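Data file: protein-v3.txt. Format and content: compact mmCIF, N, CA, C and O atoms.
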```txt
# COMPACT_ATOMS: atom_id res chain seq x y z
N MET F 22 0.84 -1.17 0.00
CA MET F 22 0.00 0.00 0.00
C MET F 22 0.89 1.24 0.00
O MET F 22 1.81 1.34 0.82
N PRO F 23 0.65 2.19 -0.90
CA PRO F 23 1.47 3.40 -0.95
C PRO F 23 1.33 4.26 0.31
O PRO F 23 0.34 4.15 1.04
N PHE F 24 2.31 5.11 0.52
CA PHE F 24 2.35 5.93 1.72
C PHE F 24 1.13 6.83 1.85
O PHE F 24 0.63 7.03 2.96
N HIS F 25 0.62 7.36 0.74
CA HIS F 25 -0.50 8.29 0.86
C HIS F 25 -1.78 7.60 1.37
O HIS F 25 -2.63 8.25 1.95
N HIS F 26 -1.88 6.28 1.18
CA HIS F 26 -3.02 5.56 1.77
C HIS F 26 -2.89 5.52 3.29
O HIS F 26 -3.89 5.69 4.00
N TYR F 27 -1.69 5.28 3.78
CA TYR F 27 -1.46 5.30 5.23
C TYR F 27 -1.74 6.69 5.80
O TYR F 27 -2.34 6.82 6.88
N ALA F 28 -1.31 7.71 5.07
CA ALA F 28 -1.55 9.08 5.53
C ALA F 28 -3.04 9.38 5.57
O ALA F 28 -3.53 10.04 6.49
N LEU F 29 -3.80 8.90 4.59
CA LEU F 29 -5.24 9.10 4.57
C LEU F 29 -5.91 8.43 5.76
O LEU F 29 -6.78 9.01 6.41
N VAL F 30 -5.49 7.21 6.07
CA VAL F 30 -6.05 6.50 7.23
C VAL F 30 -5.74 7.27 8.51
O VAL F 30 -6.61 7.43 9.38
N LEU F 31 -4.54 7.78 8.64
CA LEU F 31 -4.16 8.56 9.82
C LEU F 31 -4.99 9.83 9.93
O LEU F 31 -5.51 10.15 11.01
N VAL F 32 -5.15 10.54 8.83
CA VAL F 32 -5.91 11.80 8.86
C VAL F 32 -7.38 11.54 9.19
O VAL F 32 -7.99 12.27 9.98
N VAL F 33 -7.95 10.49 8.59
CA VAL F 33 -9.36 10.18 8.86
C VAL F 33 -9.56 9.81 10.33
O VAL F 33 -10.46 10.33 11.00
N SER F 34 -8.71 8.95 10.85
CA SER F 34 -8.89 8.51 12.23
C SER F 34 -8.64 9.64 13.22
O SER F 34 -9.42 9.84 14.16
N ALA F 35 -7.59 10.40 13.03
CA ALA F 35 -7.29 11.50 13.95
C ALA F 35 -8.34 12.60 13.85
O ALA F 35 -8.78 13.15 14.87
N GLY F 36 -8.75 12.91 12.63
CA GLY F 36 -9.75 13.96 12.46
C GLY F 36 -11.09 13.59 13.07
O GLY F 36 -11.72 14.41 13.74
N LEU F 37 -11.52 12.36 12.83
CA LEU F 37 -12.79 11.94 13.42
C LEU F 37 -12.72 11.86 14.94
O LEU F 37 -13.66 12.27 15.63
N ALA F 38 -11.64 11.34 15.47
CA ALA F 38 -11.51 11.26 16.93
C ALA F 38 -11.51 12.65 17.56
O ALA F 38 -12.18 12.88 18.57
N ALA F 39 -10.79 13.58 16.93
CA ALA F 39 -10.74 14.94 17.48
C ALA F 39 -12.08 15.67 17.31
O ALA F 39 -12.45 16.48 18.17
N GLY F 40 -12.79 15.37 16.25
CA GLY F 40 -14.07 16.05 16.03
C GLY F 40 -15.23 15.43 16.79
O GLY F 40 -16.13 16.14 17.25
N LEU F 41 -15.22 14.11 16.94
CA LEU F 41 -16.33 13.44 17.58
C LEU F 41 -16.26 13.43 19.10
O LEU F 41 -17.29 13.35 19.77
N THR F 42 -15.07 13.51 19.67
CA THR F 42 -14.95 13.44 21.12
C THR F 42 -15.69 14.58 21.82
O THR F 42 -16.46 14.32 22.76
N PRO F 43 -15.52 15.84 21.40
CA PRO F 43 -16.32 16.90 22.06
C PRO F 43 -17.83 16.75 21.81
O PRO F 43 -18.64 17.02 22.69
N LEU F 44 -18.19 16.29 20.61
CA LEU F 44 -19.60 16.09 20.29
C LEU F 44 -20.20 15.01 21.20
O LEU F 44 -21.26 15.20 21.79
N PHE F 45 -19.52 13.88 21.33
CA PHE F 45 -20.01 12.82 22.19
C PHE F 45 -19.99 13.24 23.66
O PHE F 45 -20.81 12.80 24.45
N GLY F 46 -19.04 14.10 24.02
CA GLY F 46 -19.01 14.62 25.39
C GLY F 46 -20.24 15.45 25.70
O GLY F 46 -20.84 15.32 26.78
N SER F 47 -20.63 16.31 24.77
CA SER F 47 -21.83 17.11 25.02
C SER F 47 -23.09 16.26 25.01
O SER F 47 -24.01 16.50 25.80
N VAL F 48 -23.13 15.24 24.16
CA VAL F 48 -24.28 14.31 24.16
C VAL F 48 -24.33 13.56 25.50
O VAL F 48 -25.41 13.38 26.08
N GLY F 49 -23.18 13.15 26.00
CA GLY F 49 -23.12 12.45 27.29
C GLY F 49 -23.61 13.33 28.43
O GLY F 49 -24.34 12.87 29.31
N ARG F 50 -23.24 14.60 28.41
CA ARG F 50 -23.73 15.52 29.45
C ARG F 50 -25.24 15.74 29.32
O ARG F 50 -25.95 15.78 30.31
N ARG F 51 -25.70 15.90 28.07
CA ARG F 51 -27.13 16.14 27.85
C ARG F 51 -27.97 14.94 28.27
O ARG F 51 -29.06 15.10 28.83
N LEU F 52 -27.48 13.72 28.01
CA LEU F 52 -28.21 12.51 28.36
C LEU F 52 -27.88 12.01 29.77
O LEU F 52 -28.34 10.95 30.17
N ASN F 53 -27.04 12.76 30.48
CA ASN F 53 -26.63 12.44 31.85
C ASN F 53 -25.90 11.10 31.93
O ASN F 53 -26.08 10.33 32.86
N ILE F 54 -25.07 10.82 30.92
CA ILE F 54 -24.21 9.63 30.94
C ILE F 54 -22.83 10.11 31.39
O ILE F 54 -21.92 10.34 30.59
N VAL F 55 -22.71 10.33 32.68
CA VAL F 55 -21.50 10.92 33.25
C VAL F 55 -21.02 10.07 34.42
O VAL F 55 -21.77 9.30 35.00
N ASP F 56 -19.77 10.27 34.75
CA ASP F 56 -19.14 9.64 35.90
C ASP F 56 -18.98 10.71 36.96
O ASP F 56 -18.33 11.73 36.74
N ARG F 57 -19.58 10.51 38.09
CA ARG F 57 -19.55 11.51 39.16
C ARG F 57 -18.40 11.24 40.13
O ARG F 57 -18.03 10.08 40.33
N PRO F 58 -17.84 12.29 40.72
CA PRO F 58 -16.74 12.09 41.68
C PRO F 58 -17.22 11.34 42.93
O PRO F 58 -18.38 11.40 43.29
N GLY F 59 -16.28 10.69 43.55
CA GLY F 59 -16.58 9.97 44.79
C GLY F 59 -15.87 8.63 44.79
O GLY F 59 -15.56 8.07 43.74
N GLY F 60 -15.60 8.12 45.95
CA GLY F 60 -14.90 6.84 46.06
C GLY F 60 -13.48 6.97 45.53
O GLY F 60 -12.71 7.81 45.97
N ARG F 61 -13.12 6.15 44.57
CA ARG F 61 -11.77 6.19 43.99
C ARG F 61 -11.63 7.25 42.91
O ARG F 61 -10.53 7.51 42.45
N ARG F 62 -12.71 7.84 42.45
CA ARG F 62 -12.66 8.83 41.37
C ARG F 62 -12.12 10.15 41.92
O ARG F 62 -12.65 10.68 42.88
N ARG F 63 -11.12 10.69 41.27
CA ARG F 63 -10.43 11.86 41.79
C ARG F 63 -10.81 13.15 41.07
O ARG F 63 -10.33 14.21 41.43
N HIS F 64 -11.65 13.08 40.02
CA HIS F 64 -11.98 14.30 39.29
C HIS F 64 -12.91 15.18 40.11
O HIS F 64 -13.57 14.74 41.04
N GLN F 65 -12.97 16.46 39.74
CA GLN F 65 -13.72 17.44 40.51
C GLN F 65 -15.20 17.50 40.14
O GLN F 65 -16.04 17.78 40.98
N GLY F 66 -15.52 17.29 38.87
CA GLY F 66 -16.91 17.38 38.42
C GLY F 66 -17.31 16.15 37.64
O GLY F 66 -16.57 15.18 37.53
N ALA F 67 -18.50 16.21 37.08
CA ALA F 67 -19.01 15.10 36.29
C ALA F 67 -18.25 15.02 34.96
O ALA F 67 -18.06 16.02 34.28
N VAL F 68 -17.81 13.82 34.60
CA VAL F 68 -17.04 13.59 33.37
C VAL F 68 -17.87 12.69 32.45
O VAL F 68 -18.31 11.61 32.87
N PRO F 69 -18.11 13.12 31.21
CA PRO F 69 -18.88 12.29 30.29
C PRO F 69 -18.18 10.96 30.00
O PRO F 69 -16.96 10.90 29.94
N ARG F 70 -18.96 9.91 29.79
CA ARG F 70 -18.40 8.58 29.60
C ARG F 70 -18.45 8.10 28.17
O ARG F 70 -18.22 6.92 27.90
N LEU F 71 -18.77 8.96 27.20
CA LEU F 71 -18.91 8.52 25.82
C LEU F 71 -17.68 8.79 24.96
O LEU F 71 -17.72 8.56 23.76
N GLY F 72 -16.58 9.25 25.54
CA GLY F 72 -15.38 9.52 24.76
C GLY F 72 -14.82 8.28 24.08
O GLY F 72 -14.33 8.34 22.96
N GLY F 73 -14.90 7.15 24.74
CA GLY F 73 -14.42 5.90 24.16
C GLY F 73 -15.21 5.49 22.93
O GLY F 73 -14.67 4.92 21.98
N LEU F 74 -16.49 5.81 22.94
CA LEU F 74 -17.32 5.49 21.78
C LEU F 74 -16.90 6.33 20.58
O LEU F 74 -16.88 5.83 19.45
N ALA F 75 -16.51 7.57 20.80
CA ALA F 75 -16.02 8.42 19.70
C ALA F 75 -14.73 7.86 19.11
O ALA F 75 -14.56 7.82 17.88
N VAL F 76 -13.85 7.39 19.94
CA VAL F 76 -12.59 6.80 19.47
C VAL F 76 -12.87 5.51 18.71
O VAL F 76 -12.25 5.23 17.67
N PHE F 77 -13.84 4.72 19.18
CA PHE F 77 -14.21 3.48 18.49
C PHE F 77 -14.78 3.78 17.10
O PHE F 77 -14.45 3.10 16.13
N VAL F 78 -15.64 4.78 17.00
CA VAL F 78 -16.21 5.15 15.70
C VAL F 78 -15.09 5.59 14.75
O VAL F 78 -15.08 5.23 13.57
N ALA F 79 -14.13 6.37 15.25
CA ALA F 79 -13.00 6.79 14.43
C ALA F 79 -12.17 5.60 13.98
O ALA F 79 -11.71 5.53 12.83
N PHE F 80 -11.98 4.62 14.86
CA PHE F 80 -11.23 3.42 14.51
C PHE F 80 -11.94 2.62 13.42
O PHE F 80 -11.31 2.19 12.44
N VAL F 81 -13.24 2.44 13.55
CA VAL F 81 -14.01 1.69 12.55
C VAL F 81 -13.95 2.41 11.20
O VAL F 81 -13.79 1.77 10.16
N ALA F 82 -14.05 3.73 11.22
CA ALA F 82 -13.97 4.49 9.97
C ALA F 82 -12.59 4.34 9.35
O ALA F 82 -12.46 4.20 8.13
N ALA F 83 -11.54 4.36 10.16
CA ALA F 83 -10.18 4.20 9.64
C ALA F 83 -9.97 2.82 9.03
O ALA F 83 -9.34 2.67 7.98
N VAL F 84 -10.52 1.79 9.68
CA VAL F 84 -10.43 0.44 9.13
C VAL F 84 -11.20 0.36 7.81
O VAL F 84 -10.74 -0.25 6.84
N GLY F 85 -12.34 1.02 7.75
CA GLY F 85 -13.10 1.06 6.51
C GLY F 85 -12.35 1.73 5.38
O GLY F 85 -12.35 1.25 4.25
N VAL F 86 -11.69 2.83 5.70
CA VAL F 86 -10.89 3.53 4.69
C VAL F 86 -9.70 2.67 4.25
O VAL F 86 -9.35 2.61 3.07
N ALA F 87 -9.08 1.96 5.21
CA ALA F 87 -7.92 1.14 4.89
C ALA F 87 -8.28 -0.06 4.00
O ALA F 87 -7.47 -0.48 3.17
N THR F 88 -9.49 -0.57 4.16
CA THR F 88 -9.87 -1.76 3.37
C THR F 88 -10.62 -1.41 2.10
O THR F 88 -10.83 -2.29 1.27
N TRP F 89 -11.02 -0.17 1.94
CA TRP F 89 -11.76 0.26 0.76
C TRP F 89 -10.81 0.39 -0.43
O TRP F 89 -9.70 0.89 -0.31
N ARG F 90 -11.24 -0.03 -1.59
CA ARG F 90 -10.38 0.05 -2.77
C ARG F 90 -10.97 0.96 -3.79
O ARG F 90 -12.04 0.99 -4.15
```
Encoded form (structure tokens):
Amino acid sequence: MPFHHYALVLVVSAGLAAGLTPLFGSVGRRLNIVDRPGGRRRHQGAVPRLGGLAVFVAFVAAVGVATWR
């Protein structure tokens, strides 16, 4: 596979992860899918829990781009 295909996969995955993470964070806050402080959690406020889903979507898109001909 030529280098520009690898670069395209990198750009798609990084761009989607960077763009979707704040979007999924706001959706998580709106739907109250958050992790609240207490116990072993050391953060100060509620932290949205959907960031991993944004990274997963970016990964699936990158795999799709890598296998697409």
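The space separating atom CA of Gly72 of chain F from atom CA of Val32 of chain F comes to 18.6 Å.
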Please identify all polymer residues within 6 Å of segment 40-49 of chain F, counting all atoms listed in the file, omitting same-chain residues fewer than 6 positions from it, and present them as a compact mmCIF listing (two decimals) with N, CA, C and O atoms, in the frame of the given file.
```txt
# COMPACT_ATOMS: atom_id res chain seq x y z
N VAL F 55 -22.71 10.33 32.68
CA VAL F 55 -21.50 10.92 33.25
C VAL F 55 -21.02 10.07 34.42
O VAL F 55 -21.77 9.30 35.00
N PRO F 69 -18.11 13.12 31.21
CA PRO F 69 -18.88 12.29 30.29
C PRO F 69 -18.18 10.96 30.00
O PRO F 69 -16.96 10.90 29.94
N ARG F 70 -18.96 9.91 29.79
CA ARG F 70 -18.40 8.58 29.60
C ARG F 70 -18.45 8.10 28.17
O ARG F 70 -18.22 6.92 27.90
N LEU F 71 -18.77 8.96 27.20
CA LEU F 71 -18.91 8.52 25.82
C LEU F 71 -17.68 8.79 24.96
O LEU F 71 -17.72 8.56 23.76
N GLY F 72 -16.58 9.25 25.54
CA GLY F 72 -15.38 9.52 24.76
C GLY F 72 -14.82 8.28 24.08
O GLY F 72 -14.33 8.34 22.96
N ALA F 75 -16.51 7.57 20.80
CA ALA F 75 -16.02 8.42 19.70
C ALA F 75 -14.73 7.86 19.11
O ALA F 75 -14.56 7.82 17.88
```
If I take atom N of Val30 of chain F and atom O of Val84 of chain F, how far is one from the other in Å, to one decimal?
9.2 Å
F:Val33, F:Val68, F:Met22, F:Ala28: which is nearest Gly85 of chain F, counting only C-alpha atoms?
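The closest residue to Gly85 of chain F is F:Val33.
You will find atom O of Arg50 of chain F at 19.4 Å from atom CA of Val76 of chain F.
Residue nearest Gly36 of chain F within the list F:Arg61, F:Leu52, F:Gly66, F:Ala79: F:Ala79 [criterion: smallest interatomic distance, all atoms listed in the file].
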With all atoms listed in the file as the basis for distance, which of F:Ala67, F:Leu74, F:Ala87, F:Ile54 is at the shortest distance from Tyr27 of chain F?
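The answer is F:Ala87, which sits nearest to Tyr27 of chain F.
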Would you list, as a PyMOL selection string, the residues of chain F that end up in strand (DSSP E) under DSSP run on this structure's backbone?
chain F and resi 55-56+68-69
Requested write-out: N, CA, C and O atoms of the selected residues, as a short mmCIF file (atom, residue, chain, number, x, y, z; two decimals), keeping the file's coordinate frame:
```
data_model
loop_
_atom_site.label_atom_id
_atom_site.label_comp_id
_atom_site.auth_asym_id
_atom_site.auth_seq_id
_atom_site.Cartn_x
_atom_site.Cartn_y
_atom_site.Cartn_z
N VAL F 55 -22.71 10.33 32.68
CA VAL F 55 -21.50 10.92 33.25
C VAL F 55 -21.02 10.07 34.42
O VAL F 55 -21.77 9.30 35.00
N ASP F 56 -19.77 10.27 34.75
CA ASP F 56 -19.14 9.64 35.90
C ASP F 56 -18.98 10.71 36.96
O ASP F 56 -18.33 11.73 36.74
N VAL F 68 -17.81 13.82 34.60
CA VAL F 68 -17.04 13.59 33.37
C VAL F 68 -17.87 12.69 32.45
O VAL F 68 -18.31 11.61 32.87
N PRO F 69 -18.11 13.12 31.21
CA PRO F 69 -18.88 12.29 30.29
C PRO F 69 -18.18 10.96 30.00
O PRO F 69 -16.96 10.90 29.94
#
```
Emit as JSON the padded axis-aligned box for all listed atoms of segment 44-62 of chain F, 6 Å per side, with centre and edge lengths in Å to one decimal.
```
{"center_x": -19.8, "center_y": 11.6, "center_z": 33.2, "size_x": 30.5, "size_y": 23.0, "size_z": 37.8}
```
Show me, as a PDB file with N, CA, C and O atoms, in the frame of the given file, the residues that have an atom within 8 Å of Leu29 of chain F when counting only N, CA, C and O atoms, minus same-chain residues fewer than 4 positions from it.
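Produced file out28.pdb, reproduced below:
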```pdb
ATOM      1  N   PRO F  23       0.650   2.190  -0.900  1.00  0.00           N
ATOM      2  CA  PRO F  23       1.470   3.400  -0.950  1.00  0.00           C
ATOM      3  C   PRO F  23       1.330   4.260   0.310  1.00  0.00           C
ATOM      4  O   PRO F  23       0.340   4.150   1.040  1.00  0.00           O
ATOM      5  N   PHE F  24       2.310   5.110   0.520  1.00  0.00           N
ATOM      6  CA  PHE F  24       2.350   5.930   1.720  1.00  0.00           C
ATOM      7  C   PHE F  24       1.130   6.830   1.850  1.00  0.00           C
ATOM      8  O   PHE F  24       0.630   7.030   2.960  1.00  0.00           O
ATOM      9  N   HIS F  25       0.620   7.360   0.740  1.00  0.00           N
ATOM     10  CA  HIS F  25      -0.500   8.290   0.860  1.00  0.00           C
ATOM     11  C   HIS F  25      -1.780   7.600   1.370  1.00  0.00           C
ATOM     12  O   HIS F  25      -2.630   8.250   1.950  1.00  0.00           O
ATOM     13  N   VAL F  33      -7.950  10.490   8.590  1.00  0.00           N
ATOM     14  CA  VAL F  33      -9.360  10.180   8.860  1.00  0.00           C
ATOM     15  C   VAL F  33      -9.560   9.810  10.330  1.00  0.00           C
ATOM     16  O   VAL F  33     -10.460  10.330  11.000  1.00  0.00           O
ATOM     17  N   SER F  34      -8.710   8.950  10.850  1.00  0.00           N
ATOM     18  CA  SER F  34      -8.890   8.510  12.230  1.00  0.00           C
ATOM     19  C   SER F  34      -8.640   9.640  13.220  1.00  0.00           C
ATOM     20  O   SER F  34      -9.420   9.840  14.160  1.00  0.00           O
ATOM     21  N   ALA F  35      -7.590  10.400  13.030  1.00  0.00           N
ATOM     22  CA  ALA F  35      -7.290  11.500  13.950  1.00  0.00           C
ATOM     23  C   ALA F  35      -8.340  12.600  13.850  1.00  0.00           C
ATOM     24  O   ALA F  35      -8.780  13.150  14.870  1.00  0.00           O
ATOM     25  N   GLY F  36      -8.750  12.910  12.630  1.00  0.00           N
ATOM     26  CA  GLY F  36      -9.750  13.960  12.460  1.00  0.00           C
ATOM     27  C   GLY F  36     -11.090  13.590  13.070  1.00  0.00           C
ATOM     28  O   GLY F  36     -11.720  14.410  13.740  1.00  0.00           O
ATOM     29  N   ALA F  82     -14.050   3.730  11.220  1.00  0.00           N
ATOM     30  CA  ALA F  82     -13.970   4.490   9.970  1.00  0.00           C
ATOM     31  C   ALA F  82     -12.590   4.340   9.350  1.00  0.00           C
ATOM     32  O   ALA F  82     -12.460   4.200   8.130  1.00  0.00           O
ATOM     33  N   ALA F  83     -11.540   4.360  10.160  1.00  0.00           N
ATOM     34  CA  ALA F  83     -10.180   4.200   9.640  1.00  0.00           C
ATOM     35  C   ALA F  83      -9.970   2.820   9.030  1.00  0.00           C
ATOM     36  O   ALA F  83      -9.340   2.670   7.980  1.00  0.00           O
ATOM     37  N   VAL F  86     -11.690   2.830   5.700  1.00  0.00           N
ATOM     38  CA  VAL F  86     -10.890   3.530   4.690  1.00  0.00           C
ATOM     39  C   VAL F  86      -9.700   2.670   4.250  1.00  0.00           C
ATOM     40  O   VAL F  86      -9.350   2.610   3.070  1.00  0.00           O
ATOM     41  N   ALA F  87      -9.080   1.960   5.210  1.00  0.00           N
ATOM     42  CA  ALA F  87      -7.920   1.140   4.890  1.00  0.00           C
ATOM     43  C   ALA F  87      -8.280  -0.060   4.000  1.00  0.00           C
ATOM     44  O   ALA F  87      -7.470  -0.480   3.170  1.00  0.00           O
TER      45      ALA F  87
END
```
Go through F:Asn53, F:Thr88, F:Val78, F:Gln65 one by one, measure the shortest atom-to-atom distance of each to Leu37 of chain F using all atoms listed in the file, and give the residue with the smallest value.
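Of F:Asn53, F:Thr88, F:Val78, F:Gln65, the one nearest Leu37 of chain F is F:Val78, counting all atoms listed in the file.
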Just list as a ChimeraX atom specification whatever in chain F DSSP marks as alpha helix (DSSP H).
/F:24-51,72-88
